[in-house]
Each structure stands twice: as C-alpha cells, then as structure tokens.
Amino acid sequence: MTAPPRLAPGDVLRLGLLGISTRKLRAALSALGISIGVATMIVVTGIPASSQAELLDRLTALGTNTLRAEPIAQQDTPVELPKDAVAMAARIGPVTGAAAVANTHAVVRRTDRIDPEDGSGLTVLASGTNLLGEINGTVHSGRFLGASTENFPTTVLGYVAATRLGIDRVVPGRPAPQVYIGDTWFTVIGVLDPLPLAPDIERSVLVGWGAATDRLGFDGRPTVVYVKAREDAIEDVRAVLPATLYPQAAGLVEVSRPSDALAAKRASQATFSALFLGLAGIALLVGGVGVANTMFVSVLERRREIGLRRALGATRGQILIQFLTESVAVAGLGGIAGAAIGVLATLGYVTWERWPPVIAPATVAGGLAGAVLVGTLAGIHPSVRAARLTPTEALATS
C-alpha cells in the first residue's frame with residue numbers, strides 16, 4: 001500500500017491561503033471582526049494607561065514624595081534643630097534629597113513708608129539654594145536663589161506673597177522690584193508658581209542663607225526640613241526622621257504625613273480597566289464567531305474540492321490542516337491589521353491630548369496571540385467536519 005504524500009509546511013501554508021485568495025471579500029470581512037477586537041483591546045488599554053501616566057506625572061509634580069519636619073509648636077522650651085539637620089536627614093537610606101528653611105522673624109514691607117509692624121501676614125524665610133528641587137517647585141518668572149545671589153540682598157517671592165506685595169512677575173530687561181525686609185532693601189529676582197502641597201512657601205519671602213545671616217541676624221538653625229524620599233519607603237522615612245533630626249527628644253519633632261495626593265496616586269496605580277478589557281474580549285469573541293461562520297460556509301461551498309482532493313489521495317489529516325491553516329491565517333491577518341490600527345489610533349489620540357504614550361508590548365503580543373487562538377478554536381470544528389467527508393459524499397454534492 002502506497003503511503004500518502006507528505007505536505008511540506010510551505011505547501012500547507014499555500015493551501016491555507018488559497019481559500020483566502022479566491023474569496024478575498026469574504027476573508028476580509030471575517031478578518032475585520034478579529035481586527036476590531038484586537039484594535040479595541042490595544043486602544044482601551046493604551047489610552048487609559050497613557051491617561052494614567054499623565055495623572056501620575058502630575059501627582060508626582062505636586063511633591064507626593066516630600067515630607068516636612070519641624071519642632072512641635074507651643075512648647076515651654078522651643079526645640080532648636082541642629083545646623084547640620086539637612087546633612088543628617090540626607091544620610092537616611094531612602095532619602096533622595098533634603099533642604100531647609102528657617103524663620104528669620106523679620107518683617108517684609110512693600111516700602112519703608114509702611115508701618116513696621118505690618119508684614120501683610122507674610123513670613124521671611126532663609127532658604128537653601130536647593131529648596132525648589134526638593135519641594136518640586138517651579139519659577140513663574142525670574143530665577144531662584146543660587147550660589148551667586150544667596151549672600152546678597154536678593155529675594156524670591158512665593159505665589160501668595162507676590163500677590164500681596166503687588167509684584168506679579170519679574171520682567172527681564174526692566175528694573176527689578178524691591179521690597180523692604182527688616183531695615184534693608186532686597187531686590188526681587190523671582191516669583192514662584194503655586195505650590196499646593198507647600199502653602200507655607202507660597203506665603204513666604206525667601207532670602208539666601210548667607211544674606212539672612214549677615215543682614216537679618218539669622219543664627220543659622222533651620223526651623224523646617226523638607227525631605228524627598230522614594231515613594232515606596234516614604235512611611236519608613238517618616239518613622240525615623242524625628243529621631244534623626246533631634247535624637248535627644250524625637251517626640252518633640254513633628255513630621256507631616258504622606259500627602260493625600262500620594263494615596264490618590266497609589267489608588268490610581270492599583271486600578272485596572274477590567275471593564276475595558278472585557279469589552280475588548282467580547283469584540284474578539286464576536287470576531288471569532290465570524291471566522292467560524294465563514295469557515296462553515298467555506299466547507300459547504302468547497303465540498304467538491306474536498307472530494308476531488310480526497311480522491312487524488314489527500315488524507316483526512318491533510319484536509320483538516322488545510323482548513324485549520326486557512327482559519328488561523330484569516331484570524332492572524334485580522335490580528336496584524338487590528339494591532340496596527342490600535343497602535344496608530346492610540347498614538348494619534350494621546351498625541352492630540354499631549355499625554356505620554358504608553359502601549360505595552362505585552363498587550364500587542366497578547367492581541368496577536370488571542371487572534372491566532374480564536375482563529376484556531378473557530379476553525380477546529382469546520383476543519384474536522386471537512387476532514388470527515390468521504391470522497392464519494394463530497395463529489396456527490398451538487
């Protein structure tokens with residue numbers, strides 16, 4: 001008995017694509033359902049992920065990883081933090097940066113003609129030059145204190161302080177405004193943007209550490225220390241910070257709790273778009289039903305072809321592989337088209353919204369794998385049905 005001819009993988013693929021090439025419109029409509037499902041999967045995961053990334057960036061910009069440490073107020077004997085408090089805080093492992101400010105107890109006025117007791121409710125703070133980076137602040141106009149200005153009578157105004165003093169901006173090329181602090185005129189070199197998580201800085205007038213020492217009688221001891229730490233260790237840093245800054249009586253140092261913005265950020269990271277994924281799965285399932293329907297109709301229409309091939313020596317296994325390959329090819333082509341459409345649609349939308357694009361390669365790969373899986377499952381029954389046809393039964397079909 002002669003052994004049935006063996007089909008090379010290339011021959012199997014050509015046979016599978018034969019049905020597609022001879023029925024292009026039907027194959028395209030079948031693949032359309034798969035492509036819609038894959039595109040939907042990529043879009044409904046990519047767009048929310050990009051939106052989430054934008055939200056997380058904005059929350060991070062607020063300073064969700066910043067702690068504020070200061071002595072507890074209203075004590076009989078006020079606690080004085082050490083002059084090297086910033087260096088002490090920076091030695092904590094998860095801490096990525098530290099800065100300090102100190103209340104100089106000076107009064108700021110718009111001019112020297114105003115009542116010396118009228119400070120407009122503003123605080124004059126001595127500030128380190130690295131403060132802005134540690135509280136995630138930004139300059140609205142002008143510039144922040146630096147090495148070239150911290151020892152001179154220059155100042156930077158918080159957003160609220162600038163409004164109360166009637167100085168909304170610093171314009172390059174024009175004479176800089178001045179304010180009267182203590183008994184010295186200070187030149188305003190910058191105005192800060194709002195700091196929602198640092199309202200005390202918004203209501204402050206910031207001067208350099210050296211200028212505060214030389215001109216305002218500042219003793220060099222910080223009153224507030226700002227610490228930036230890794231978000232995953234923020235609670236641990238908060239627990240050890242008081243003892244680090246004031247080991248002789250840690251209970252007299254108060255540390256702010258992590259901001260509500262951090263809690264919102266973590267909640268956002270934990271939220272997963274299960275509903276959207278469910279919709280994408282339904283769309284992919286509908287596409288699979290379309291492929292299965294197309295393959296059933298293809299088997300019915302091609303009975304004579306099946307009978308002729310069986311009569312010429314094709315085995316049931318070869319017939320099954322032919323139709324299964326066709327089903328997988330239809331789904332695979334639909335998956336590739338859907339992946340391309342989904343990626344382009346997601347990139348287009350997030351670019352329009354000016355969000356950072358986030359398209360997980362695993363989602364694209366999962367969509368393609370899902371399309372192939374759906375094509376395989378959808379083609380199994382029609383392929384088995386085609387393989388079970390005998391030559392005489394198939395050729396007798398009119």
# chains A, B, ... in the order shown; residues from 1 in each chain; ligands from 1
call {"tool": "residues_around", "arguments": {"residues": "segment 348-356 of chain A", "least_positions_apart": "6", "cutoff": "10 Å", "atoms": "only C-alpha atoms", "output": "PyMOL selection string"}}
result
chain A and resi 43+46-55+57+342
call {"tool": "write_last_selection", "arguments": {"atoms": "N, CA, C and O atoms", "output": "mmCIF file, in the first residue's frame"}}
result
data_model
loop_
_atom_site.group_PDB
_atom_site.id
_atom_site.type_symbol
_atom_site.label_atom_id
_atom_site.label_comp_id
_atom_site.auth_asym_id
_atom_site.auth_seq_id
_atom_site.Cartn_x
_atom_site.Cartn_y
_atom_site.Cartn_z
ATOM 1 N N VAL A 43 -6.514 49.803 22.077
ATOM 2 C CA VAL A 43 -6.970 51.175 22.341
ATOM 3 C C VAL A 43 -7.460 51.327 23.779
ATOM 4 O O VAL A 43 -7.106 52.289 24.470
ATOM 5 N N GLY A 46 -4.328 51.071 25.986
ATOM 6 C CA GLY A 46 -3.306 52.085 25.749
ATOM 7 C C GLY A 46 -3.730 53.480 26.154
ATOM 8 O O GLY A 46 -2.977 54.215 26.803
ATOM 9 N N ILE A 47 -4.975 53.872 25.806
ATOM 10 C CA ILE A 47 -5.426 55.230 26.129
ATOM 11 C C ILE A 47 -5.579 55.415 27.640
ATOM 12 O O ILE A 47 -5.075 56.405 28.194
ATOM 13 N N PRO A 48 -6.258 54.516 28.373
ATOM 14 C CA PRO A 48 -6.299 54.688 29.836
ATOM 15 C C PRO A 48 -4.915 54.646 30.483
ATOM 16 O O PRO A 48 -4.653 55.379 31.436
ATOM 17 N N ALA A 49 -4.015 53.799 29.963
ATOM 18 C CA ALA A 49 -2.664 53.744 30.530
ATOM 19 C C ALA A 49 -1.916 55.051 30.296
ATOM 20 O O ALA A 49 -1.200 55.536 31.174
ATOM 21 N N SER A 50 -2.114 55.647 29.116
ATOM 22 C CA SER A 50 -1.472 56.939 28.837
ATOM 23 C C SER A 50 -2.070 58.030 29.712
ATOM 24 O O SER A 50 -1.355 58.892 30.230
ATOM 25 N N SER A 51 -3.393 57.990 29.867
ATOM 26 C CA SER A 51 -4.050 58.966 30.741
ATOM 27 C C SER A 51 -3.571 58.809 32.180
ATOM 28 O O SER A 51 -3.330 59.797 32.887
ATOM 29 N N GLN A 52 -3.429 57.568 32.606
ATOM 30 C CA GLN A 52 -2.940 57.311 33.961
ATOM 31 C C GLN A 52 -1.517 57.818 34.136
ATOM 32 O O GLN A 52 -1.169 58.403 35.171
ATOM 33 N N ALA A 53 -0.675 57.610 33.118
ATOM 34 C CA ALA A 53 0.702 58.094 33.194
ATOM 35 C C ALA A 53 0.737 59.610 33.328
ATOM 36 O O ALA A 53 1.539 60.162 34.088
ATOM 37 N N GLU A 54 -0.151 60.296 32.593
ATOM 38 C CA GLU A 54 -0.209 61.751 32.702
ATOM 39 C C GLU A 54 -0.652 62.169 34.104
ATOM 40 O O GLU A 54 -0.103 63.104 34.702
ATOM 41 N N LEU A 55 -1.658 61.448 34.653
ATOM 42 C CA LEU A 55 -2.132 61.753 36.003
ATOM 43 C C LEU A 55 -1.031 61.528 37.036
ATOM 44 O O LEU A 55 -0.816 62.354 37.935
ATOM 45 N N ASP A 57 2.171 61.596 36.547
ATOM 46 C CA ASP A 57 3.196 62.636 36.395
ATOM 47 C C ASP A 57 2.772 63.922 37.096
ATOM 48 O O ASP A 57 3.578 64.598 37.746
ATOM 49 N N GLY A 342 -4.901 49.666 16.087
ATOM 50 C CA GLY A 342 -4.960 50.024 17.500
ATOM 51 C C GLY A 342 -3.793 50.894 17.931
ATOM 52 O O GLY A 342 -3.974 51.877 18.655
#
call {"tool": "select_by_dssp", "arguments": {"residues": "segment 18-241 of chain A", "states": "strand (DSSP E)", "output": "PyMOL selection string"}}
result
chain A and resi 66-71+95-103+108-109+123-127+139-142+154-157+178-181+184-192+204-208+224-229
call {"tool": "closest_atom_pairs", "arguments": {"of": "segment 107-163 of chain A", "to": "segment 79-102 of chain A", "cutoff": "9 Å", "atoms": "only C-alpha atoms", "output": "Markdown table"}}
result
| residue | atom | partner | partner_atom | distance |
| --- | --- | --- | --- | --- |
| A:Val124 | CA | A:Ala102 | CA | 8.4 |
| A:Leu125 | CA | A:Ala102 | CA | 5.2 |
| A:Ala126 | CA | A:Ala102 | CA | 5.0 |
| A:Ser127 | CA | A:Val101 | CA | 4.6 |
| A:Gly128 | CA | A:Ala100 | CA | 6.1 |
| A:Thr129 | CA | A:Ala99 | CA | 8.4 |
| A:Asn130 | CA | A:Ala99 | CA | 6.3 |
| A:Leu131 | CA | A:Ala99 | CA | 5.2 |
| A:Leu132 | CA | A:Ala99 | CA | 8.7 |
| A:Gly133 | CA | A:Gly97 | CA | 8.6 |
| A:Glu134 | CA | A:Gly97 | CA | 6.2 |
| A:Ile135 | CA | A:Ala99 | CA | 8.6 |
call {"tool": "atom_distance", "arguments": {"atom1": "atom CA of Leu252 of chain A", "atom2": "atom CA of Lys228 of chain A"}}
result
21.0 Å
call {"tool": "closest_residue", "arguments": {"among": "A:Arg169, A:Thr223, A:Pro153, A:Arg164", "to": "Ile72 of chain A", "atoms": "only C-alpha atoms"}}
result
A:Thr223
call {"tool": "residues_around", "arguments": {"residues": "Leu320 of chain A", "least_positions_apart": "4", "cutoff": "7 Å", "atoms": "only C-alpha atoms", "output": "PDB file with N, CA and C atoms, in the first residue's frame"}}
result
ATOM      1  N   ARG A 316      -7.312  12.597   5.505  1.00  0.00           N
ATOM      2  CA  ARG A 316      -8.183  13.433   6.348  1.00  0.00           C
ATOM      3  C   ARG A 316      -7.354  14.461   7.127  1.00  0.00           C
ATOM      4  N   LEU A 324      -7.790  24.325   8.753  1.00  0.00           N
ATOM      5  CA  LEU A 324      -7.378  24.946  10.006  1.00  0.00           C
ATOM      6  C   LEU A 324      -6.357  26.054   9.732  1.00  0.00           C
ATOM      7  N   SER A 383     -13.001  22.425  10.289  1.00  0.00           N
ATOM      8  CA  SER A 383     -11.926  21.635   9.693  1.00  0.00           C
ATOM      9  C   SER A 383     -12.164  20.142   9.916  1.00  0.00           C
ATOM     10  N   VAL A 384     -12.599  19.783  11.115  1.00  0.00           N
ATOM     11  CA  VAL A 384     -12.907  18.373  11.410  1.00  0.00           C
ATOM     12  C   VAL A 384     -14.062  17.896  10.537  1.00  0.00           C
ATOM     13  N   ALA A 386     -14.849  19.024   7.578  1.00  0.00           N
ATOM     14  CA  ALA A 386     -14.356  18.849   6.212  1.00  0.00           C
ATOM     15  C   ALA A 386     -13.553  17.560   6.093  1.00  0.00           C
ATOM     16  N   ALA A 387     -12.748  17.249   7.117  1.00  0.00           N
ATOM     17  CA  ALA A 387     -11.911  16.054   7.062  1.00  0.00           C
ATOM     18  C   ALA A 387     -12.735  14.770   7.109  1.00  0.00           C
TER      19      ALA A 387
END
call {"tool": "closest_residue", "arguments": {"among": "A:Val343, A:Ala249, A:Ile380, A:Ala211", "to": "Trp185 of chain A", "atoms": "only C-alpha atoms"}}
result
A:Ala211
call {"tool": "atom_distance", "arguments": {"atom1": "atom CA of Leu29 of chain A", "atom2": "atom CA of Val372 of chain A"}}
result
16.5 Å
call {"tool": "closest_residue", "arguments": {"among": "A:Val237, A:Thr111, A:Tyr226, A:Ser120", "to": "Pro177 of chain A", "atoms": "only C-alpha atoms"}}
result
A:Thr111
call {"tool": "atom_distance", "arguments": {"atom1": "atom CA of Thr390 of chain A", "atom2": "atom CA of Ile321 of chain A"}}
result
16.2 Å
call {"tool": "closest_residue", "arguments": {"among": "A:Ile181, A:Leu245, A:Ala229, A:Ala106", "to": "Thr66 of chain A", "atoms": "only C-alpha atoms"}}
result
A:Ala229
call {"tool": "decode", "arguments": {"residues": "segment 34-54 of chain A", "atoms": "N, CA, C and O atoms", "output": "PDB file, in the first residue's frame"}}
result
ATOM      1  N   ILE A  34     -12.045  40.181  13.703  1.00  0.00           N
ATOM      2  CA  ILE A  34     -10.863  39.957  14.543  1.00  0.00           C
ATOM      3  C   ILE A  34     -10.075  41.244  14.737  1.00  0.00           C
ATOM      4  O   ILE A  34      -9.638  41.579  15.848  1.00  0.00           O
ATOM      5  N   SER A  35      -9.909  41.998  13.636  1.00  0.00           N
ATOM      6  CA  SER A  35      -9.120  43.231  13.726  1.00  0.00           C
ATOM      7  C   SER A  35      -9.781  44.244  14.647  1.00  0.00           C
ATOM      8  O   SER A  35      -9.095  44.951  15.397  1.00  0.00           O
ATOM      9  N   ILE A  36     -11.102  44.302  14.625  1.00  0.00           N
ATOM     10  CA  ILE A  36     -11.812  45.214  15.529  1.00  0.00           C
ATOM     11  C   ILE A  36     -11.560  44.818  16.977  1.00  0.00           C
ATOM     12  O   ILE A  36     -11.322  45.659  17.850  1.00  0.00           O
ATOM     13  N   GLY A  37     -11.600  43.516  17.243  1.00  0.00           N
ATOM     14  CA  GLY A  37     -11.359  43.057  18.610  1.00  0.00           C
ATOM     15  C   GLY A  37      -9.958  43.378  19.093  1.00  0.00           C
ATOM     16  O   GLY A  37      -9.769  43.873  20.208  1.00  0.00           O
ATOM     17  N   VAL A  38      -8.941  43.126  18.248  1.00  0.00           N
ATOM     18  CA  VAL A  38      -7.554  43.396  18.645  1.00  0.00           C
ATOM     19  C   VAL A  38      -7.323  44.896  18.788  1.00  0.00           C
ATOM     20  O   VAL A  38      -6.693  45.358  19.750  1.00  0.00           O
ATOM     21  N   ALA A  39      -7.841  45.681  17.820  1.00  0.00           N
ATOM     22  CA  ALA A  39      -7.683  47.133  17.889  1.00  0.00           C
ATOM     23  C   ALA A  39      -8.341  47.682  19.150  1.00  0.00           C
ATOM     24  O   ALA A  39      -7.790  48.562  19.829  1.00  0.00           O
ATOM     25  N   THR A  40      -9.524  47.150  19.460  1.00  0.00           N
ATOM     26  CA  THR A  40     -10.218  47.596  20.668  1.00  0.00           C
ATOM     27  C   THR A  40      -9.408  47.276  21.909  1.00  0.00           C
ATOM     28  O   THR A  40      -9.293  48.100  22.832  1.00  0.00           O
ATOM     29  N   MET A  41      -8.810  46.102  21.938  1.00  0.00           N
ATOM     30  CA  MET A  41      -8.003  45.707  23.099  1.00  0.00           C
ATOM     31  C   MET A  41      -6.835  46.663  23.296  1.00  0.00           C
ATOM     32  O   MET A  41      -6.543  47.095  24.426  1.00  0.00           O
ATOM     33  N   ILE A  42      -6.154  47.030  22.212  1.00  0.00           N
ATOM     34  CA  ILE A  42      -4.995  47.918  22.323  1.00  0.00           C
ATOM     35  C   ILE A  42      -5.431  49.323  22.704  1.00  0.00           C
ATOM     36  O   ILE A  42      -4.823  49.978  23.561  1.00  0.00           O
ATOM     37  N   VAL A  43      -6.514  49.803  22.077  1.00  0.00           N
ATOM     38  CA  VAL A  43      -6.970  51.175  22.341  1.00  0.00           C
ATOM     39  C   VAL A  43      -7.460  51.327  23.779  1.00  0.00           C
ATOM     40  O   VAL A  43      -7.106  52.289  24.470  1.00  0.00           O
ATOM     41  N   VAL A  44      -8.270  50.358  24.244  1.00  0.00           N
ATOM     42  CA  VAL A  44      -8.866  50.515  25.570  1.00  0.00           C
ATOM     43  C   VAL A  44      -7.880  50.222  26.689  1.00  0.00           C
ATOM     44  O   VAL A  44      -8.186  50.461  27.857  1.00  0.00           O
ATOM     45  N   THR A  45      -6.723  49.703  26.369  1.00  0.00           N
ATOM     46  CA  THR A  45      -5.668  49.589  27.387  1.00  0.00           C
ATOM     47  C   THR A  45      -4.635  50.705  27.230  1.00  0.00           C
ATOM     48  O   THR A  45      -4.133  51.228  28.222  1.00  0.00           O
ATOM     49  N   GLY A  46      -4.328  51.071  25.986  1.00  0.00           N
ATOM     50  CA  GLY A  46      -3.306  52.085  25.749  1.00  0.00           C
ATOM     51  C   GLY A  46      -3.730  53.480  26.154  1.00  0.00           C
ATOM     52  O   GLY A  46      -2.977  54.215  26.803  1.00  0.00           O
ATOM     53  N   ILE A  47      -4.975  53.872  25.806  1.00  0.00           N
ATOM     54  CA  ILE A  47      -5.426  55.230  26.129  1.00  0.00           C
ATOM     55  C   ILE A  47      -5.579  55.415  27.640  1.00  0.00           C
ATOM     56  O   ILE A  47      -5.075  56.405  28.194  1.00  0.00           O
ATOM     57  N   PRO A  48      -6.258  54.516  28.373  1.00  0.00           N
ATOM     58  CA  PRO A  48      -6.299  54.688  29.836  1.00  0.00           C
ATOM     59  C   PRO A  48      -4.915  54.646  30.483  1.00  0.00           C
ATOM     60  O   PRO A  48      -4.653  55.379  31.436  1.00  0.00           O
ATOM     61  N   ALA A  49      -4.015  53.799  29.963  1.00  0.00           N
ATOM     62  CA  ALA A  49      -2.664  53.744  30.530  1.00  0.00           C
ATOM     63  C   ALA A  49      -1.916  55.051  30.296  1.00  0.00           C
ATOM     64  O   ALA A  49      -1.200  55.536  31.174  1.00  0.00           O
ATOM     65  N   SER A  50      -2.114  55.647  29.116  1.00  0.00           N
ATOM     66  CA  SER A  50      -1.472  56.939  28.837  1.00  0.00           C
ATOM     67  C   SER A  50      -2.070  58.030  29.712  1.00  0.00           C
ATOM     68  O   SER A  50      -1.355  58.892  30.230  1.00  0.00           O
ATOM     69  N   SER A  51      -3.393  57.990  29.867  1.00  0.00           N
ATOM     70  CA  SER A  51      -4.050  58.966  30.741  1.00  0.00           C
ATOM     71  C   SER A  51      -3.571  58.809  32.180  1.00  0.00           C
ATOM     72  O   SER A  51      -3.330  59.797  32.887  1.00  0.00           O
ATOM     73  N   GLN A  52      -3.429  57.568  32.606  1.00  0.00           N
ATOM     74  CA  GLN A  52      -2.940  57.311  33.961  1.00  0.00           C
ATOM     75  C   GLN A  52      -1.517  57.818  34.136  1.00  0.00           C
ATOM     76  O   GLN A  52      -1.169  58.403  35.171  1.00  0.00           O
ATOM     77  N   ALA A  53      -0.675  57.610  33.118  1.00  0.00           N
ATOM     78  CA  ALA A  53       0.702  58.094  33.194  1.00  0.00           C
ATOM     79  C   ALA A  53       0.737  59.610  33.328  1.00  0.00           C
ATOM     80  O   ALA A  53       1.539  60.162  34.088  1.00  0.00           O
ATOM     81  N   GLU A  54      -0.151  60.296  32.593  1.00  0.00           N
ATOM     82  CA  GLU A  54      -0.209  61.751  32.702  1.00  0.00           C
ATOM     83  C   GLU A  54      -0.652  62.169  34.104  1.00  0.00           C
ATOM     84  O   GLU A  54      -0.103  63.104  34.702  1.00  0.00           O
TER      85      GLU A  54
END
